[in-house]
Amino acid sequence: MRPFVLVMCLAPVLALAAQFDAKDSGDHFDLSVDGKVWLRTMTPTYDPNNRDETYKIYTHVLDFAGNSPITKGPGGKFPHHRGLFIGWKDTIVNGVDYDTWHMVKEECVQRHVSWEPLKTSDKTSTQIENVLWENSEKKPFISEVRAISATPGDDGLRVMDFQSKLTSKAGAIQLKGDLQHAGMQIRMSQEVADKDDAEVKDKVPAEKKSTQYVLPAGSTVEKDDKVTGAWWACCSCEVGGKRYYIVHMTHPSTCKDVPVYSIRAYARFGAFWEPTLEEGKPQQYNFRFVISEKPLDLATCQSLYDAYAKSTPAAI
């Protein structure tokens, strides 16, 4: 009987681990789990003659089949909103105010520099990218290490951690703006905005709009889609005929005070806070996204956040 007992004890250990793969195609980098692309980071070479397509580094989230992005790229309503992205409308460097959110002027860009080796375990794979935030003279004022991980969760959930370590290369830098134009946010597909615009024309009440949000107990929704008292927000929207539930979470290590959340009806949402960088002193900001094809209620979202808040994000 001993061999039988031994096998039974080992069975959970021998469960199949997720299979991870990565492919660098030059202008984009795909991170796959079990043969399906989860994340596609866009890394175009900056071209001033094609500025709109090349000025920003961002990451698409793909549908569960791994075929198409469910997040937005260039163009459409508010062209600067793209996938998972980070920036501040007022990035104040030695008295000069760079707009690293809209980036519509030829004053600054986010430039992909290199990839570090993929970090992979049985449960998680992490891509690590080096990015420079530069002015029009190609002089960097912020260096960034950006790590994004993919982890299969329970019950088909997809867990993605977004970590950004920023280091000033030009003295004290103030990262400022407002909740709609600064911070670390996600923008879902343009088709969500198209539907939202149609609903506005038809004067659909907010509670009956296609895009809905689940928010923490005790949080407050104020004017201009502002949410206070929240460390997370869950957006439910339709892309490609399917409804997705996307939870954006801010780890408490990211900011001392509770961030302000923005929750637009066209599914651009995320966290706003205003840090200051000191030269040579890196600051790391940590976020988590949970993506589901099944409904997520308040209790489930809070449980997911509680587990994340208790964790210690890896240093990058």
# chains A, B, ... in the order shown; residues from 1 in each chain; ligands from 1

$ select_by_dssp --residues "stretch 110-224 of chain A" --states "helix (DSSP H, G or I)" --output "PyMOL selection string"
chain A and resi 154-156+190-201+206-208+223-224

$ residues_around --residues "A:Ser68" --least-positions-apart "4" --cutoff "12 Å" --atoms "only C-alpha atoms" --output "JSON, numbers by chain"
{"A": [30, 36, 37, 38, 39, 40, 60, 61, 62, 63, 64, 72, 73, 189, 239, 240]}

$ residues_around --residues "A:Arg146" --least-positions-apart "2" --cutoff "12 Å" --atoms "only C-alpha atoms" --output "PDB file with N, CA and C atoms, in the first residue's frame"
ATOM      1  N   THR A  41       2.894  43.813 -26.525  1.00  0.00           N
ATOM      2  CA  THR A  41       3.473  45.129 -26.242  1.00  0.00           C
ATOM      3  C   THR A  41       3.990  45.740 -27.529  1.00  0.00           C
ATOM      4  N   ILE A  57       4.833  53.781 -25.868  1.00  0.00           N
ATOM      5  CA  ILE A  57       4.934  52.353 -25.602  1.00  0.00           C
ATOM      6  C   ILE A  57       3.698  51.931 -24.802  1.00  0.00           C
ATOM      7  N   TYR A  58       3.017  50.891 -25.254  1.00  0.00           N
ATOM      8  CA  TYR A  58       1.815  50.436 -24.558  1.00  0.00           C
ATOM      9  C   TYR A  58       1.630  48.946 -24.820  1.00  0.00           C
ATOM     10  N   THR A  59       0.715  48.338 -24.078  1.00  0.00           N
ATOM     11  CA  THR A  59       0.503  46.898 -24.189  1.00  0.00           C
ATOM     12  C   THR A  59      -0.965  46.582 -24.414  1.00  0.00           C
ATOM     13  N   LEU A  84      -2.713  49.175 -22.049  1.00  0.00           N
ATOM     14  CA  LEU A  84      -2.167  49.486 -20.738  1.00  0.00           C
ATOM     15  C   LEU A  84      -1.103  50.559 -20.926  1.00  0.00           C
ATOM     16  N   PHE A  85      -1.273  51.706 -20.283  1.00  0.00           N
ATOM     17  CA  PHE A  85      -0.307  52.784 -20.505  1.00  0.00           C
ATOM     18  C   PHE A  85      -0.165  53.638 -19.254  1.00  0.00           C
ATOM     19  N   ILE A  86       0.933  54.400 -19.205  1.00  0.00           N
ATOM     20  CA  ILE A  86       1.244  55.227 -18.041  1.00  0.00           C
ATOM     21  C   ILE A  86       1.811  56.557 -18.519  1.00  0.00           C
ATOM     22  N   GLN A 110       8.123  58.209 -25.613  1.00  0.00           N
ATOM     23  CA  GLN A 110       8.568  57.054 -24.845  1.00  0.00           C
ATOM     24  C   GLN A 110       9.217  56.096 -25.846  1.00  0.00           C
ATOM     25  N   HIS A 112      11.280  52.629 -26.765  1.00  0.00           N
ATOM     26  CA  HIS A 112      11.736  51.293 -26.387  1.00  0.00           C
ATOM     27  C   HIS A 112      13.241  51.182 -26.615  1.00  0.00           C
ATOM     28  N   VAL A 113      13.939  50.659 -25.592  1.00  0.00           N
ATOM     29  CA  VAL A 113      15.387  50.507 -25.689  1.00  0.00           C
ATOM     30  C   VAL A 113      15.784  49.047 -25.848  1.00  0.00           C
ATOM     31  N   SER A 114      15.273  48.188 -24.964  1.00  0.00           N
ATOM     32  CA  SER A 114      15.694  46.783 -25.011  1.00  0.00           C
ATOM     33  C   SER A 114      14.778  45.921 -24.170  1.00  0.00           C
ATOM     34  N   TRP A 115      14.876  44.616 -24.405  1.00  0.00           N
ATOM     35  CA  TRP A 115      14.211  43.619 -23.576  1.00  0.00           C
ATOM     36  C   TRP A 115      15.242  42.897 -22.726  1.00  0.00           C
ATOM     37  N   GLU A 116      14.873  42.624 -21.495  1.00  0.00           N
ATOM     38  CA  GLU A 116      15.697  41.770 -20.655  1.00  0.00           C
ATOM     39  C   GLU A 116      15.197  40.331 -20.791  1.00  0.00           C
ATOM     40  N   THR A 126       7.195  36.730 -16.889  1.00  0.00           N
ATOM     41  CA  THR A 126       7.304  38.185 -16.804  1.00  0.00           C
ATOM     42  C   THR A 126       8.226  38.722 -17.876  1.00  0.00           C
ATOM     43  N   GLN A 127       7.706  39.660 -18.666  1.00  0.00           N
ATOM     44  CA  GLN A 127       8.512  40.371 -19.652  1.00  0.00           C
ATOM     45  C   GLN A 127       9.005  41.662 -19.020  1.00  0.00           C
ATOM     46  N   ILE A 128      10.268  42.006 -19.267  1.00  0.00           N
ATOM     47  CA  ILE A 128      10.866  43.191 -18.658  1.00  0.00           C
ATOM     48  C   ILE A 128      11.475  44.044 -19.761  1.00  0.00           C
ATOM     49  N   GLU A 129      11.048  45.292 -19.815  1.00  0.00           N
ATOM     50  CA  GLU A 129      11.417  46.192 -20.904  1.00  0.00           C
ATOM     51  C   GLU A 129      12.086  47.447 -20.352  1.00  0.00           C
ATOM     52  N   ASN A 130      13.092  47.931 -21.071  1.00  0.00           N
ATOM     53  CA  ASN A 130      13.734  49.202 -20.742  1.00  0.00           C
ATOM     54  C   ASN A 130      13.223  50.276 -21.694  1.00  0.00           C
ATOM     55  N   VAL A 131      12.750  51.370 -21.105  1.00  0.00           N
ATOM     56  CA  VAL A 131      12.136  52.458 -21.873  1.00  0.00           C
ATOM     57  C   VAL A 131      12.755  53.778 -21.440  1.00  0.00           C
ATOM     58  N   LEU A 132      12.985  54.676 -22.387  1.00  0.00           N
ATOM     59  CA  LEU A 132      13.438  56.025 -22.074  1.00  0.00           C
ATOM     60  C   LEU A 132      12.355  57.032 -22.435  1.00  0.00           C
ATOM     61  N   SER A 143      14.198  57.339 -17.009  1.00  0.00           N
ATOM     62  CA  SER A 143      14.412  55.976 -17.478  1.00  0.00           C
ATOM     63  C   SER A 143      13.404  55.080 -16.770  1.00  0.00           C
ATOM     64  N   GLU A 144      12.853  54.140 -17.508  1.00  0.00           N
ATOM     65  CA  GLU A 144      11.816  53.260 -16.970  1.00  0.00           C
ATOM     66  C   GLU A 144      12.181  51.801 -17.186  1.00  0.00           C
ATOM     67  N   ILE A 148       5.748  43.323 -17.074  1.00  0.00           N
ATOM     68  CA  ILE A 148       4.359  42.883 -17.159  1.00  0.00           C
ATOM     69  C   ILE A 148       4.347  41.365 -17.133  1.00  0.00           C
ATOM     70  N   SER A 149       3.551  40.817 -16.236  1.00  0.00           N
ATOM     71  CA  SER A 149       3.529  39.368 -16.057  1.00  0.00           C
ATOM     72  C   SER A 149       2.172  38.786 -16.410  1.00  0.00           C
ATOM     73  N   ASP A 161       0.145  41.460 -13.978  1.00  0.00           N
ATOM     74  CA  ASP A 161       0.734  42.508 -13.148  1.00  0.00           C
ATOM     75  C   ASP A 161       1.494  43.484 -14.031  1.00  0.00           C
ATOM     76  N   PHE A 162       1.268  44.771 -13.793  1.00  0.00           N
ATOM     77  CA  PHE A 162       1.951  45.852 -14.510  1.00  0.00           C
ATOM     78  C   PHE A 162       2.783  46.601 -13.483  1.00  0.00           C
ATOM     79  N   GLN A 163       4.110  46.598 -13.667  1.00  0.00           N
ATOM     80  CA  GLN A 163       5.017  47.271 -12.745  1.00  0.00           C
ATOM     81  C   GLN A 163       5.890  48.257 -13.528  1.00  0.00           C
ATOM     82  N   SER A 164       5.978  49.451 -13.005  1.00  0.00           N
ATOM     83  CA  SER A 164       6.771  50.489 -13.661  1.00  0.00           C
ATOM     84  C   SER A 164       7.723  51.095 -12.643  1.00  0.00           C
ATOM     85  N   LYS A 165       9.019  50.977 -12.914  1.00  0.00           N
ATOM     86  CA  LYS A 165      10.037  51.597 -12.055  1.00  0.00           C
ATOM     87  C   LYS A 165      10.618  52.794 -12.795  1.00  0.00           C
ATOM     88  N   LEU A 166      10.367  53.991 -12.247  1.00  0.00           N
ATOM     89  CA  LEU A 166      10.806  55.230 -12.889  1.00  0.00           C
ATOM     90  C   LEU A 166      11.975  55.839 -12.128  1.00  0.00           C
ATOM     91  N   THR A 167      12.958  56.312 -12.884  1.00  0.00           N
ATOM     92  CA  THR A 167      14.122  56.962 -12.291  1.00  0.00           C
ATOM     93  C   THR A 167      14.369  58.279 -13.013  1.00  0.00           C
ATOM     94  N   GLN A 283      11.610  54.827  -8.213  1.00  0.00           N
ATOM     95  CA  GLN A 283      10.329  54.579  -7.560  1.00  0.00           C
ATOM     96  C   GLN A 283       9.571  53.533  -8.372  1.00  0.00           C
ATOM     97  N   GLN A 284       9.099  52.508  -7.705  1.00  0.00           N
ATOM     98  CA  GLN A 284       8.383  51.426  -8.385  1.00  0.00           C
ATOM     99  C   GLN A 284       6.900  51.494  -8.058  1.00  0.00           C
ATOM    100  N   TYR A 285       6.078  51.413  -9.118  1.00  0.00           N
ATOM    101  CA  TYR A 285       4.628  51.460  -8.978  1.00  0.00           C
ATOM    102  C   TYR A 285       4.054  50.119  -9.443  1.00  0.00           C
ATOM    103  N   ASN A 286       3.120  49.587  -8.645  1.00  0.00           N
ATOM    104  CA  ASN A 286       2.635  48.226  -8.874  1.00  0.00           C
ATOM    105  C   ASN A 286       1.117  48.189  -9.048  1.00  0.00           C
ATOM    106  N   PHE A 287       0.693  47.491 -10.101  1.00  0.00           N
ATOM    107  CA  PHE A 287      -0.725  47.362 -10.416  1.00  0.00           C
ATOM    108  C   PHE A 287      -1.019  45.929 -10.846  1.00  0.00           C
ATOM    109  N   ALA A 315      10.617  43.081  -6.754  1.00  0.00           N
ATOM    110  CA  ALA A 315      11.387  44.256  -7.157  1.00  0.00           C
ATOM    111  C   ALA A 315      11.888  44.047  -8.570  1.00  0.00           C
ATOM    112  N   ILE A 316      11.829  45.075  -9.384  1.00  0.00           N
ATOM    113  CA  ILE A 316      12.296  44.958 -10.774  1.00  0.00           C
ATOM    114  C   ILE A 316      13.490  45.905 -10.985  1.00  0.00           C
TER     115      ILE A 316
END

$ residues_around --residues "stretch 300-307 of chain A" --least-positions-apart "2" --cutoff "8 Å" --atoms "only C-alpha atoms" --output "list in words"
Pro216, Trp232, Cys234, Val247, Met249, Leu296, Asp297, Leu298, Ala309, Lys310 and Ser311 of chain A

$ residues_around --residues "stretch 206-209 of chain A" --least-positions-apart "6" --cutoff "10 Å" --atoms "only C-alpha atoms" --output "ChimeraX atom specification"
/A:195-196,199-200,237,265

$ closest_residue --among "A:His251, A:Lys256, A:Lys23, A:Lys203" --to "A:Ala314" --atoms "only C-alpha atoms"
A:His251

$ closest_residue --among "A:Val93, A:Ala22, A:Ala193, A:Ala198" --to "A:Tyr266" --atoms "only C-alpha atoms"
A:Ala193

$ closest_residue --among "A:Ala267, A:Val260, A:Ala18, A:Val109" --to "A:Gly83" --atoms "only C-alpha atoms"
A:Ala267

$ residues_around --residues "A:Ile246" --least-positions-apart "6" --cutoff "7 Å" --atoms "only C-alpha atoms" --output "PDB file with N, CA and C atoms, in the first residue's frame"
ATOM      1  N   CYS A 234     -13.688  47.748 -11.196  1.00  0.00           N
ATOM      2  CA  CYS A 234     -13.953  46.685 -12.168  1.00  0.00           C
ATOM      3  C   CYS A 234     -14.873  47.205 -13.260  1.00  0.00           C
ATOM      4  N   CYS A 235     -14.424  47.101 -14.493  1.00  0.00           N
ATOM      5  CA  CYS A 235     -15.207  47.527 -15.650  1.00  0.00           C
ATOM      6  C   CYS A 235     -15.776  46.302 -16.362  1.00  0.00           C
ATOM      7  N   SER A 236     -17.054  46.383 -16.741  1.00  0.00           N
ATOM      8  CA  SER A 236     -17.694  45.344 -17.544  1.00  0.00           C
ATOM      9  C   SER A 236     -18.113  45.958 -18.862  1.00  0.00           C
ATOM     10  N   PHE A 289      -4.091  43.577 -13.023  1.00  0.00           N
ATOM     11  CA  PHE A 289      -5.320  43.458 -13.791  1.00  0.00           C
ATOM     12  C   PHE A 289      -5.790  42.010 -13.730  1.00  0.00           C
ATOM     13  N   VAL A 290      -7.068  41.821 -13.479  1.00  0.00           N
ATOM     14  CA  VAL A 290      -7.667  40.496 -13.569  1.00  0.00           C
ATOM     15  C   VAL A 290      -8.733  40.560 -14.649  1.00  0.00           C
ATOM     16  N   ILE A 291      -8.632  39.664 -15.636  1.00  0.00           N
ATOM     17  CA  ILE A 291      -9.550  39.651 -16.766  1.00  0.00           C
ATOM     18  C   ILE A 291     -10.389  38.378 -16.698  1.00  0.00           C
ATOM     19  N   SER A 292     -11.701  38.522 -16.881  1.00  0.00           N
ATOM     20  CA  SER A 292     -12.597  37.376 -16.791  1.00  0.00           C
ATOM     21  C   SER A 292     -13.662  37.446 -17.878  1.00  0.00           C
TER      22      SER A 292
END

$ closest_residue --among "A:Thr220, A:Ser168, A:Thr254, A:Gln212" --to "A:Glu278" --atoms "only C-alpha atoms"
A:Ser168

$ closest_residue --among "A:Ser125, A:Thr276, A:Thr91, A:Thr312" --to "A:Cys108" --atoms "only C-alpha atoms"
A:Thr91

$ closest_residue --among "A:Lys105, A:Lys169, A:Arg268, A:Lys119" --to "A:Ala233" --atoms "only C-alpha atoms"
A:Arg268

$ select_by_dssp --residues "stretch 117-308 of chain A" --states "strand (DSSP E or B)" --output "MDAnalysis selection string"
chainID A and resid 117:120 125:135 140:152 158:168 173:176 182:188 212:214 220:222 226:228 232:239 242:250 260:263 268:272 276:279 281 283:292

$ atom_distance --atom1 "atom CA of A:Tyr98" --atom2 "atom CA of A:Leu175"
9.7 Å
